[in-house]
Amino acid sequence: MSFKDILNSGKFVVTAEVGPPKGTDIKEMIHHMEILKGKVDAVNVTDNQSAVMRICSMAVAKIAMEHGLEPIFQMTCRDRNRIGLQSDLLGASILGIKNVLCMTGDHVSAGDHKGAKPVYDVESVQLLKIVDGLNNGKDMSGNEMKGSTDFFQGAVVTPEANPIEPQLIKFEKKIRAGAKFFQTQAIYDIEKFKDFMKHARKFPVKILAGFVVLKSAGMANFLNNNVPGIRVPQSLIDELKAAGKEKALDTGMNITARHIKQLKEEKICDGVHIMAIGMEDKVPVIMEMAGLL
Amino acid sequence: MIITKKRDLKDLLENVKNYRNFFLIGCSECAALCGTGGEPELKSMKEALEAEGKSVTGTFVAKTGCQVLGTKVELKPFKEAMDKTDCIIVMSCGAGTQTAVELYEDKAVFSANDSLFLGNMTRLQIFDERCSLCGKCIIDQTGGICPITACPKGILNGPCGGCKDGYCEISPDIKCAWVRIYERMKKLDKLQEFCEVTIEAKDWSASQKPRALTARKEKKNEF
């Protein structure tokens, strides 16, 4: 079953991430894919994440398919103009890639090629419209194409953005532009996430809550201070502190599993997106702890 | 105005080391306000060149250095000094430099400044960029604030995930353009418009280089 069909079937879905490496040695990445195979419903393939140059997401999405995973092809607007984006979308389509996640993309100043010219010819909302057009047989200039795409397109949202109002307005624009599913920035406060979901449930879109496992109280503080849209509540930081250094990771995984379980049991959202960031081997463990395996 | 910044003097002196006689051209408009091409700056450039054993045959601050014909007329009295010169250093923006390139075919022309952006002076010699000269203004739809310029990603439909407490992911000194637009449209009672209108991808053909414009009516059309 495709990711789209699984989501529409009402099953609580789990997606994870595969980060293409820098360089052509893909042994570790393949190993991560093998860990996730048969466990998660789909994997996001990141697109030069944090503006750090790596293997392109399309090639890795294709390899993910060859390894039995359903890829969600992440596409940012940072590195390609509208011609490049559409051309790559058509390319992804003929390779059999079905899901695309449309994002504006981290700025080049965050990455390892700081002198690069950022493109941003279009942005996330407009990219969603482009995908919708290609699905309907027309390119962005309105030209008829010979054969259209059939993408299931999604986008991202930050439920704990501050201020929240403009973020929610953009969320609606993305829905109007054709987004069918959303993966969120990492969330740590389920009660606050419920408030967001109350709003999101007004729209016919699927929401996957984002998770980044906390490895320590220090990491939690770092996220709070440095990563936009992430807010780890003090109670969780205290819990990690109390666990001590040796047990901090276990505690972090416990917190994630506990939250995922609650989301599923209370039917708060449609699934979760686990961003393991190098700890892919922990994804099945967390899923088991959350009662998903 | 065009915001300029002095280039490193050492680099400039290295670039002009094979020349002997110099003429300096400044500009009384933007460059003077930026402190890069007024009388005091020309004076210190003259001193720096003389300290290197060079000769300065003349200095002149143009009224508006990007106005080619006006500058040509203003420079007429300096013909003798200019004849003795083998290198012109222009201390204004890139446009002023190009005026000298056009007027003096047989002289080497160097720019003493880097041209940075079209900006506003908010306090004495503090400048910021508000307009990107994109060729097709969209601020009617964005509460008067230009997201092409004020957002590092030029996003046209709301803040990205990099907005942290109202500030930009690329610098805590930059307020998120879309939070500013949101707040302003709220004050103008235009939030409805912000919510309902999706701004289409920009037509960049209006900024295709090199740009030129004939604003005057040709005489034959006037009668």
# chains A, B, ... in the order shown; residues from 1 in each chain; ligands from 1
$ closest_atom_pairs --of "chain B" --to "chain A" --cutoff "8 Å" --atoms "only C-alpha atoms" --output "tab-separated table"
residue	atom	partner	partner_atom	distance
B:Pro152	CA	A:His107	CA	7.7
B:Lys153	CA	A:Tyr120	CA	5.9
B:Gly154	CA	A:Tyr120	CA	6.8
B:Ile155	CA	A:Glu123	CA	5.9
B:Leu156	CA	A:Glu123	CA	7.3
B:Asn157	CA	A:Lys170	CA	6.6
B:Gly158	CA	A:Lys170	CA	5.5
B:Pro159	CA	A:Gln167	CA	6.3
B:Cys160	CA	A:Thr104	CA	7.3
B:Gly161	CA	A:Thr158	CA	6.2
B:Gly162	CA	A:Pro228	CA	5.4
B:Cys163	CA	A:Pro228	CA	5.9
B:Lys164	CA	A:Pro228	CA	4.5
B:Asp165	CA	A:Asn162	CA	4.9
B:Gly166	CA	A:Pro163	CA	6.4
B:Glu169	CA	A:Pro228	CA	7.2
B:Ile170	CA	A:Ser109	CA	6.7
B:Trp178	CA	A:Pro166	CA	7.5
B:Val179	CA	A:Pro166	CA	6.9
B:Tyr182	CA	A:Pro166	CA	6.5
B:Phe194	CA	A:Ile169	CA	7.9
B:Cys195	CA	A:Ile169	CA	5.6
B:Glu196	CA	A:Lys173	CA	7.8
B:Thr198	CA	A:Lys173	CA	6.7
B:Glu200	CA	A:Gln126	CA	6.8
B:Ala201	CA	A:Val122	CA	5.7
B:Lys202	CA	A:Val122	CA	7.5
$ residues_around --residues "Thr85 (chain B)" --least-positions-apart "6" --cutoff "9 Å" --atoms "only C-alpha atoms" --output "PyMOL selection string"
chain B and resi 19-23+55-58+107
$ select_by_dssp --residues "region 21-86 of chain B" --states "helix (DSSP H, G or I)" --output "PyMOL selection string"
chain B and resi 30-34+39-51+68-83
$ residues_around --residues "Gly94 (chain B)" --least-positions-apart "6" --cutoff "8 Å" --atoms "only C-alpha atoms" --output "PDB file with all heavy atoms, in the first residue's frame"
ATOM      1  N   SER B 111      37.676  51.919  -8.936  1.00  0.00           N
ATOM      2  CA  SER B 111      36.680  52.348  -7.963  1.00  0.00           C
ATOM      3  C   SER B 111      37.264  52.200  -6.557  1.00  0.00           C
ATOM      4  O   SER B 111      37.815  51.155  -6.224  1.00  0.00           O
ATOM      5  CB  SER B 111      35.417  51.496  -8.112  1.00  0.00           C
ATOM      6  OG  SER B 111      34.519  51.841  -7.093  1.00  0.00           O
ATOM      7  N   ASN B 113      35.451  52.321  -3.935  1.00  0.00           N
ATOM      8  CA  ASN B 113      34.394  51.800  -3.042  1.00  0.00           C
ATOM      9  C   ASN B 113      33.747  50.538  -3.589  1.00  0.00           C
ATOM     10  O   ASN B 113      33.769  50.297  -4.794  1.00  0.00           O
ATOM     11  CB  ASN B 113      33.286  52.855  -2.874  1.00  0.00           C
ATOM     12  CG  ASN B 113      33.806  54.149  -2.301  1.00  0.00           C
ATOM     13  OD1 ASN B 113      34.725  54.148  -1.485  1.00  0.00           O
ATOM     14  ND2 ASN B 113      33.233  55.262  -2.739  1.00  0.00           N
ATOM     15  N   ASP B 114      33.141  49.782  -2.693  1.00  0.00           N
ATOM     16  CA  ASP B 114      32.232  48.720  -3.097  1.00  0.00           C
ATOM     17  C   ASP B 114      30.820  49.282  -2.986  1.00  0.00           C
ATOM     18  O   ASP B 114      30.488  49.938  -1.991  1.00  0.00           O
ATOM     19  CB  ASP B 114      32.362  47.498  -2.173  1.00  0.00           C
ATOM     20  CG  ASP B 114      33.600  46.680  -2.487  1.00  0.00           C
ATOM     21  OD1 ASP B 114      33.916  46.529  -3.685  1.00  0.00           O
ATOM     22  OD2 ASP B 114      34.257  46.199  -1.542  1.00  0.00           O
ATOM     23  N   SER B 115      29.993  49.038  -4.005  1.00  0.00           N
ATOM     24  CA  SER B 115      28.592  49.476  -3.950  1.00  0.00           C
ATOM     25  C   SER B 115      27.787  48.361  -3.318  1.00  0.00           C
ATOM     26  O   SER B 115      27.844  47.219  -3.775  1.00  0.00           O
ATOM     27  CB  SER B 115      28.074  49.751  -5.363  1.00  0.00           C
ATOM     28  OG  SER B 115      28.878  50.746  -5.951  1.00  0.00           O
TER      29      SER B 115
END
